[in-house]
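A.B. asks: Have a peek at model12.tsv (TSV, C-alpha atoms and all ligand atoms).
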chain	number	residue	atom	x	y	z
A	1	MET	CA	0.00	0.00	0.00
A	2	SER	CA	1.30	3.43	-0.82
A	3	HIS	CA	2.19	5.86	1.93
A	4	ILE	CA	-0.52	8.37	2.91
A	5	HIS	CA	0.89	11.89	3.13
A	6	ILE	CA	-2.27	13.83	3.90
A	7	ASP	CA	-5.10	12.27	5.82
A	8	VAL	CA	-8.15	14.41	6.55
A	9	ASN	CA	-11.22	12.93	8.24
A	10	ASP	CA	-14.51	14.73	8.79
A	11	LEU	CA	-12.91	18.17	8.87
A	12	THR	CA	-15.15	21.06	9.91
A	13	PHE	CA	-14.20	24.68	10.45
A	14	SER	CA	-15.71	28.10	11.06
A	15	TYR	CA	-14.00	31.47	11.52
A	16	ASN	CA	-16.87	32.51	13.78
A	17	LYS	CA	-19.78	30.66	15.36
A	18	ASN	CA	-22.52	31.64	12.96
A	19	ASN	CA	-20.93	30.61	9.75
A	20	GLN	CA	-19.61	27.14	8.94
A	21	VAL	CA	-16.90	27.48	6.27
A	22	LEU	CA	-15.83	23.82	5.89
A	23	SER	CA	-18.03	20.78	6.51
A	24	GLY	CA	-17.46	17.02	6.56
A	25	ILE	CA	-14.31	16.97	4.44
A	26	ASP	CA	-12.61	13.61	3.89
A	27	PHE	CA	-9.45	13.87	1.81
A	28	HIS	CA	-6.52	11.52	1.40
A	29	VAL	CA	-3.37	12.08	-0.63
A	30	SER	CA	-0.77	9.40	-1.19
A	31	GLU	CA	2.65	9.15	-2.79
A	32	ASP	CA	3.58	12.00	-5.11
A	33	GLU	CA	0.04	12.91	-6.07
A	34	SER	CA	-0.72	16.30	-7.54
A	35	VAL	CA	-4.24	17.47	-6.71
A	36	GLY	CA	-6.10	20.47	-8.08
A	37	ILE	CA	-8.61	22.25	-5.84
A	38	ILE	CA	-11.25	24.18	-7.74
A	39	GLY	CA	-14.45	26.00	-6.80
A	40	ALA	CA	-16.18	29.36	-6.99
A	41	ASN	CA	-15.10	32.41	-4.98
A	42	GLY	CA	-15.70	31.81	-1.28
A	43	ALA	CA	-16.02	28.01	-1.65
A	44	GLY	CA	-13.37	27.45	1.03
A	45	LYS	CA	-10.25	26.57	-0.99
A	46	SER	CA	-7.85	28.98	0.74
A	47	THR	CA	-9.30	28.13	4.15
A	48	PHE	CA	-8.71	24.43	3.47
A	49	LEU	CA	-5.06	25.03	2.55
A	50	LYS	CA	-4.56	27.31	5.57
A	51	ILE	CA	-5.78	24.53	7.83
A	52	LEU	CA	-3.47	21.97	6.22
A	53	VAL	CA	-0.42	24.19	6.88
A	54	GLY	CA	-1.50	24.85	10.46
A	55	LEU	CA	-2.49	28.51	10.16
A	56	GLU	CA	-5.89	27.74	11.71
A	57	LEU	CA	-5.71	25.07	14.39
A	58	ASN	CA	-9.18	25.47	15.79
A	59	PHE	CA	-10.83	22.90	13.52
A	60	GLY	CA	-13.07	19.87	14.09
A	61	GLY	CA	-12.22	16.38	12.85
A	62	GLU	CA	-8.77	14.97	12.28
A	63	VAL	CA	-5.84	16.05	10.09
A	64	ARG	CA	-2.61	14.07	9.79
A	65	ILE	CA	0.37	15.16	7.73
A	66	GLU	CA	2.86	12.37	7.06
A	67	GLU	CA	1.30	10.40	9.92
A	68	MET	CA	1.68	13.27	12.40
A	69	PRO	CA	-1.52	14.68	13.90
A	70	LEU	CA	-1.75	18.38	13.09
A	71	ASN	CA	-1.55	20.10	16.48
A	72	LYS	CA	0.41	22.87	18.17
A	73	GLN	CA	3.15	20.55	19.45
A	74	LEU	CA	3.92	18.95	16.09
A	75	LEU	CA	3.38	22.06	14.00
A	76	PRO	CA	7.07	23.10	13.73
A	77	LYS	CA	7.97	19.62	12.38
A	78	ILE	CA	5.04	19.67	9.97
A	79	ARG	CA	5.81	23.17	8.69
A	80	GLU	CA	9.35	22.10	7.75
A	81	LYS	CA	7.89	19.65	5.25
A	82	ILE	CA	5.53	22.02	3.48
A	83	GLY	CA	6.21	24.85	1.08
A	84	TYR	CA	3.11	27.05	1.03
A	85	VAL	CA	2.46	29.91	-1.37
A	86	PHE	CA	-0.23	32.32	-0.13
A	87	GLN	CA	-2.92	33.64	-2.44
A	88	ASP	CA	-1.81	37.13	-1.41
A	89	SER	CA	1.97	37.60	-1.91
A	90	ASP	CA	2.04	40.51	0.54
A	91	SER	CA	1.26	38.02	3.33
A	92	GLN	CA	4.21	35.89	2.24
A	93	LEU	CA	7.09	38.29	1.79
A	94	PHE	CA	8.36	40.09	4.85
A	95	MET	CA	12.08	40.80	4.38
A	96	THR	CA	13.47	43.92	2.69
A	97	THR	CA	15.01	42.44	-0.44
A	98	VAL	CA	14.34	39.50	-2.73
A	99	GLU	CA	17.55	37.66	-1.79
A	100	GLU	CA	16.89	38.07	1.94
A	101	ASP	CA	13.42	36.63	1.57
A	102	VAL	CA	14.55	33.66	-0.52
A	103	ALA	CA	17.44	33.00	1.93
A	104	PHE	CA	15.23	33.26	5.01
A	105	ALA	CA	14.04	29.65	5.36
A	106	PRO	CA	17.35	27.88	4.62
A	107	ARG	CA	19.17	30.32	6.92
A	108	ASN	CA	16.55	29.78	9.60
A	109	TYR	CA	17.17	26.02	9.42
A	110	GLY	CA	20.80	26.76	10.27
A	111	LEU	CA	22.32	25.69	6.95
A	112	PRO	CA	25.89	26.89	6.30
A	113	GLU	CA	26.14	30.17	4.37
A	114	ASP	CA	27.58	28.56	1.21
A	115	GLU	CA	24.64	26.15	1.06
A	116	VAL	CA	22.22	29.03	1.63
A	117	GLU	CA	23.86	30.88	-1.27
A	118	ARG	CA	23.64	27.81	-3.50
A	119	ARG	CA	19.94	27.37	-2.76
A	120	VAL	CA	19.10	31.03	-3.26
A	121	SER	CA	20.84	31.12	-6.66
A	122	ALA	CA	19.21	27.85	-7.75
A	123	ALA	CA	15.70	28.92	-6.69
A	124	LEU	CA	16.00	32.33	-8.39
A	125	GLU	CA	17.29	30.69	-11.56
A	126	GLN	CA	14.51	28.12	-11.54
A	127	VAL	CA	11.81	30.80	-11.58
A	128	ARG	CA	13.92	32.99	-13.91
A	129	ILE	CA	14.26	36.01	-11.65
A	130	SER	CA	18.01	36.12	-10.94
A	131	HIS	CA	17.92	39.72	-12.21
A	132	LEU	CA	15.57	40.71	-9.36
A	133	ARG	CA	17.89	39.43	-6.64
A	134	LYS	CA	18.93	42.79	-5.14
A	135	LYS	CA	15.57	44.51	-5.57
A	136	SER	CA	13.41	45.75	-2.71
A	137	ILE	CA	10.21	43.77	-2.28
A	138	TYR	CA	8.09	46.93	-2.38
A	139	GLN	CA	9.44	47.79	-5.84
A	140	LEU	CA	8.12	44.57	-7.42
A	141	SER	CA	5.06	44.09	-9.61
A	142	GLY	CA	2.31	41.64	-8.56
A	143	GLY	CA	3.58	38.89	-10.84
A	144	GLU	CA	7.19	39.43	-9.73
A	145	LYS	CA	6.09	39.06	-6.11
A	146	LYS	CA	4.38	35.80	-6.97
A	147	LEU	CA	7.59	34.52	-8.57
A	148	VAL	CA	9.62	35.56	-5.50
A	149	SER	CA	7.08	33.74	-3.30
A	150	LEU	CA	7.64	30.61	-5.36
A	151	ALA	CA	11.41	31.00	-5.02
A	152	THR	CA	11.07	31.31	-1.23
A	153	ILE	CA	9.49	27.87	-1.04
A	154	LEU	CA	11.78	26.22	-3.61
A	155	SER	CA	14.85	27.32	-1.61
A	156	MET	CA	13.63	25.28	1.36
A	157	THR	CA	13.38	22.09	-0.77
A	158	PRO	CA	10.06	21.05	0.79
A	159	ASP	CA	8.61	17.53	0.78
A	160	MET	CA	5.27	18.84	-0.45
A	161	ILE	CA	3.99	22.09	-1.87
A	162	PHE	CA	0.64	23.82	-1.48
A	163	LEU	CA	0.01	26.66	-3.90
A	164	ASP	CA	-2.95	29.03	-3.60
A	165	GLU	CA	-3.69	30.61	-6.99
A	166	PRO	CA	-0.08	30.46	-8.21
A	167	SER	CA	-0.73	31.44	-11.82
A	168	ALA	CA	-3.13	34.33	-11.21
A	169	ALA	CA	-0.60	37.14	-11.69
A	170	LEU	CA	1.70	35.49	-14.20
A	171	ASP	CA	2.26	36.37	-17.85
A	172	PRO	CA	1.98	33.48	-20.36
A	173	ARG	CA	5.72	32.73	-20.43
A	174	ASN	CA	6.08	32.66	-16.63
A	175	ARG	CA	2.87	30.64	-16.39
A	176	ARG	CA	4.31	28.05	-18.78
A	177	ASN	CA	7.60	27.96	-16.87
A	178	LEU	CA	5.70	27.40	-13.63
A	179	ILE	CA	3.84	24.45	-15.18
A	180	LYS	CA	7.24	23.01	-16.17
A	181	ILE	CA	8.67	23.52	-12.66
A	182	LEU	CA	5.63	21.94	-11.02
A	183	ASN	CA	5.62	18.96	-13.35
A	184	GLY	CA	9.28	18.44	-12.50
A	185	PHE	CA	8.57	18.47	-8.76
A	186	GLU	CA	7.80	14.83	-8.04
A	187	HIS	CA	6.27	15.17	-4.60
A	188	VAL	CA	2.83	15.91	-3.23
A	189	LYS	CA	1.32	19.09	-4.65
A	190	LEU	CA	-1.99	20.77	-3.85
A	191	ILE	CA	-2.90	23.60	-6.19
A	192	THR	CA	-5.94	25.88	-6.09
A	193	SER	CA	-6.76	27.85	-9.19
A	194	HIS	CA	-9.52	29.47	-11.24
A	195	ASP	CA	-7.29	28.80	-14.25
A	196	LEU	CA	-8.69	25.34	-15.03
A	197	ASP	CA	-6.27	24.76	-17.89
A	198	PHE	CA	-3.41	25.32	-15.44
A	199	ILE	CA	-4.89	22.65	-13.14
A	200	TRP	CA	-5.37	20.34	-16.11
A	201	ASP	CA	-1.72	20.75	-17.10
A	202	THR	CA	-0.39	20.05	-13.60
A	203	CYS	CA	-2.80	17.72	-11.75
A	204	LYS	CA	-4.14	14.28	-12.66
A	205	ARG	CA	-6.64	14.46	-9.82
A	206	THR	CA	-9.00	17.32	-8.95
A	207	VAL	CA	-11.40	18.06	-6.13
A	208	LEU	CA	-14.31	20.46	-6.53
A	209	MET	CA	-15.38	22.48	-3.50
A	210	ALA	CA	-18.75	24.16	-3.08
A	211	GLU	CA	-19.92	25.88	0.07
A	212	GLY	CA	-17.23	24.24	2.14
A	213	ARG	CA	-17.81	20.68	0.98
A	214	LEU	CA	-15.94	18.41	-1.42
A	215	ILE	CA	-18.47	17.46	-4.03
A	216	TYR	CA	-16.19	15.82	-6.57
A	217	ASP	CA	-12.91	13.98	-6.16
A	218	GLY	CA	-11.60	12.19	-9.20
A	219	PRO	CA	-9.73	12.39	-12.51
A	220	THR	CA	-9.07	15.93	-13.78
A	221	ASP	CA	-9.80	14.72	-17.30
A	222	ASP	CA	-13.38	13.89	-16.32
A	223	ILE	CA	-14.35	17.00	-14.37
A	224	MET	CA	-12.87	19.42	-16.91
A	225	ARG	CA	-15.26	18.06	-19.56
A	226	ASN	CA	-18.27	17.92	-17.22
A	227	GLU	CA	-19.86	21.24	-18.16
A	228	SER	CA	-23.08	20.74	-16.18
A	229	LEU	CA	-21.24	19.98	-12.93
A	230	LEU	CA	-18.95	22.98	-13.43
A	231	LEU	CA	-21.86	25.31	-14.23
A	232	GLU	CA	-23.91	24.08	-11.26
A	233	ASN	CA	-21.06	25.09	-9.03
A	234	GLY	CA	-20.33	28.54	-10.37
A	235	LEU	CA	-17.55	27.55	-12.78
A	236	GLU	CA	-17.22	27.23	-16.54
A	237	LEU	CA	-15.45	24.88	-18.92
A	238	PRO	CA	-11.69	25.44	-19.19
A	239	LEU	CA	-10.90	28.13	-21.78
A	240	SER	CA	-9.22	25.53	-23.97
A	241	LEU	CA	-12.62	23.81	-24.43
A	242	GLN	CA	-14.71	26.94	-24.92
A	243	GLN	CA	-15.88	28.00	-28.39
A	244	ARG	CA	-14.97	31.56	-29.29
B	301	LIG	N1	-10.38	35.57	8.09
B	301	LIG	C1	-11.67	35.31	7.85
B	301	LIG	N2	-12.64	35.61	8.74
B	301	LIG	C2	-13.94	35.33	8.53
B	301	LIG	N3	-14.39	34.74	7.39
B	301	LIG	C3	-13.48	34.43	6.46
B	301	LIG	C4	-12.09	34.70	6.63
B	301	LIG	N4	-11.42	34.27	5.53
B	301	LIG	C5	-12.36	33.76	4.71
B	301	LIG	N5	-13.59	33.86	5.26
B	301	LIG	C6	-14.86	33.37	4.67
B	301	LIG	O1	-14.73	31.96	4.46
B	301	LIG	C7	-15.31	31.59	3.21
B	301	LIG	C8	-14.30	30.83	2.38
B	301	LIG	O2	-13.25	31.72	2.04
B	301	LIG	P1	-11.95	31.22	1.25
B	301	LIG	O3	-10.99	32.36	1.24
B	301	LIG	O4	-11.49	29.94	1.84
B	301	LIG	O5	-12.57	30.95	-0.19
B	301	LIG	P2	-11.82	30.60	-1.56
B	301	LIG	O6	-12.49	29.36	-2.09
B	301	LIG	O7	-10.37	30.55	-1.38
B	301	LIG	O8	-12.27	31.83	-2.48
B	301	LIG	P3	-11.45	32.60	-3.66
B	301	LIG	O9	-11.68	31.81	-4.91
B	301	LIG	O10	-12.16	33.92	-3.73
B	301	LIG	O11	-10.02	32.72	-3.28
B	301	LIG	C9	-15.82	32.87	2.57
B	301	LIG	O12	-17.19	32.97	2.82
B	301	LIG	C10	-15.08	33.98	3.30
B	301	LIG	O13	-15.84	35.13	3.40
B	302	MG	MG	-8.84	31.64	-2.12
Please lay out the structure from this file as structure tokens.

C.D. replies:
Amino acid sequence: MSHIHIDVNDLTFSYNKNNQVLSGIDFHVSEDESVGIIGANGAGKSTFLKILVGLELNFGGEVRIEEMPLNKQLLPKIREKIGYVFQDSDSQLFMTTVEEDVAFAPRNYGLPEDEVERRVSAALEQVRISHLRKKSIYQLSGGEKKLVSLATILSMTPDMIFLDEPSAALDPRNRRNLIKILNGFEHVKLITSHDLDFIWDTCKRTVLMAEGRLIYDGPTDDIMRNESLLLENGLELPLSLQQR
């Protein structure tokens, strides 16, 4: 049997008492799977990812990451395994310059300075932003910030990556490069996106969320062609299948 990396059972969550944001979620991810998470605005995609990285611990049900129960005690160990890209880059980047931000995690893990340097250069090269290395974060465009956010997680060589709307701010060439990077990353990936073609290009499996529930979990190939299910849940066919 393959190893289960993410094990979620009957997850429920609300930010405040009156409004349940996630309900009855069962979700299991095994060896090197790449899973797309789609759904209309407000469906609960970002909340779900935030819970899986331990940003909201006040949930009901059970979450295990690589066999470890997600709780306050184990959180530091769990966080080391996950590279998480926020939907909003301004929540992600907090140092003054690009190179400081990309160096932060490896430096924080106490790696020697030459290894930190090697990882920073490699991560910047991978997302093709070596030229931005010395720039101040506040001088970057939205798409550049997204690319720096990606570099900050690649430099920590995580075991799994969770990306919240990674392609939203990217131009077509950077979007294509990101697809290539992700397809070369042979570990667990969870990716939310409204860009269904991006999900199709990077994930064999997709889950559809609506009002905090998982209402489809199966092959990406099937859901992307299921126009009625997509329409019922506030989505549309991927652009690549739409007639002009
Ligand atoms: N910090 C918060 N406090 C209270 N409610 C919140 C908070 N963050 C999100 N919500 C609510 O939780 C619900 C789910 O939000 P979430 O951000 O998870 O949706 P999403 O599927 O990621 O949407 P989008 O496609 O717009 O990014 C929404 O109704 C939202 O208003
Ligand atoms: Mg979101």

A.B. asks: Using only C-alpha atoms and all ligand atoms, what does the table of chain A residues within 9 Å of ligand MG 302 (chain B) look like, with each row giving the shortest atom pair and its distance in Å to one decimal, sorted by chain and ascending number, as a tab-separated table?

C.D. replies:
residue	atom	partner	partner_atom	distance
A:Asn41	CA	B:MG302	MG	6.9
A:Gly42	CA	B:MG302	MG	6.9
A:Ala43	CA	B:MG302	MG	8.1
A:Gly44	CA	B:MG302	MG	6.9
A:Lys45	CA	B:MG302	MG	5.4
A:Ser46	CA	B:MG302	MG	4.0
A:Thr47	CA	B:MG302	MG	7.2
A:Leu49	CA	B:MG302	MG	8.9
A:Phe86	CA	B:MG302	MG	8.9
A:Gln87	CA	B:MG302	MG	6.3
A:Asp88	CA	B:MG302	MG	8.9
A:Asp164	CA	B:MG302	MG	6.6
A:Glu165	CA	B:MG302	MG	7.2
A:Thr192	CA	B:MG302	MG	7.6
A:Ser193	CA	B:MG302	MG	8.3

A.B. asks: Just want the residues within 12 Å of ligand LIG 301 (chain B), written as a PyMOL selection string, counting only C-alpha atoms and all ligand atoms.

C.D. replies: chain A and resi 13-23+37-51+55-56+86-88+163-166+168+191-195+208-214+233-235

A.B. asks: So that I can check the surroundings of segment 130-133 of chain A, please list as JSON, numbers by chain every protein, DNA and RNA residue that reaches within 9 Å of it, counting only C-alpha atoms and ignoring chain neighbours fewer than 4 positions away.

C.D. replies: {"A": [97, 98, 99, 100, 121, 122, 123, 124, 125, 126, 140, 144, 148]}

A.B. asks: Provide the atom CA of Lys145 of chain A to atom CA of Ser89 of chain A distance in Å, to one decimal place.

C.D. replies: 6.1 Å

A.B. asks: Have a look at A:Leu93, A:Val29, A:Leu182, A:Met68 and name the one nearest to Ile199 of chain A; count all atoms listed in the file.

C.D. replies: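 Looking at the shortest contact to Ile199 of chain A, the residue is A:Leu182.
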
A.B. asks: Which is closest to Ser167 of chain A among A:Ser91, A:Ser149, A:Gln242, A:Ser30, if we use all atoms listed in the file?

C.D. replies: A:Ser149

A.B. asks: Quick check, in Å to one decimal: how far apart do atom CA of Thr220 of chain A and atom CA of Val35 of chain A lie?

C.D. replies: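 Distance between the two atoms: 8.7 Å.
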
A.B. asks: Just checking: using all atoms listed in the file, which residue out of A:Met160, A:Ala105, A:Val116, A:Ile181 ends up closest to Leu147 of chain A?

C.D. replies: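 Among the listed residues, the smallest separation from Leu147 of chain A belongs to A:Ile181.
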
A.B. asks: Need the shell around Pro219 of chain A: protein/DNA/RNA residues with any atom at most 9 Å away, counting all atoms listed in the file. Skip same-chain ones fewer than 5 positions apart. Format as JSON, numbers by chain?

C.D. replies: {"A": [203, 204, 205, 206, 207, 224]}

A.B. asks: Could you please take those selected residues and save C-alpha atoms as a compact mmCIF listing (two decimals), keeping the file's coordinate frame?

C.D. replies:
# COMPACT_ATOMS: atom_id res chain seq x y z
CA CYS A 203 -2.80 17.72 -11.75
CA LYS A 204 -4.14 14.28 -12.66
CA ARG A 205 -6.64 14.46 -9.82
CA THR A 206 -9.00 17.32 -8.95
CA VAL A 207 -11.40 18.06 -6.13
CA MET A 224 -12.87 19.42 -16.91

A.B. asks: Let me make sure I understand: among A:Arg244, A:Ile6, A:Leu150, A:Phe198, which one has the smallest atom-to-atom distance to Pro172 of chain A if we use all atoms listed in the file?

C.D. replies: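 With all atoms listed in the file as the atom set, the closest residue is A:Phe198.
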
A.B. asks: Have a look at atom CA of Asp197 of chain A and atom CA of Glu236 of chain A and let me know their distance in Å, one decimal.

C.D. replies: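 Pair atom CA of Asp197 of chain A / atom CA of Glu236 of chain A returns 11.3 Å.
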
A.B. asks: Given the point (-6.7, 17.1, 8.9) in the file's coordinates, find the residues that have an atom at most 10 Å from it, counting all atoms listed in the file, and give them as a ChimeraX atom specification.

C.D. replies: /A:6-12,25-28,48,51-54,57,59-65,68-71

A.B. asks: I'd like to know which of A:Leu75, A:Ile137, A:Leu170, A:Leu196 is closest to Leu239 of chain A, using all atoms listed in the file.

C.D. replies: A:Leu196

A.B. asks: Using only C-alpha atoms, which residue out of A:Met95, A:Val85, A:Ile223, A:Ala169 lies closest to Trp200 of chain A?

C.D. replies: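 Using only C-alpha atoms, the shortest distance to Trp200 of chain A belongs to A:Ile223.
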
A.B. asks: Write out as a PyMOL selection string which residues come within 7 Å of Val102 of chain A when counting only C-alpha atoms, dropping same-chain ones fewer than 5 positions away.

C.D. replies: chain A and resi 120+151-152+155
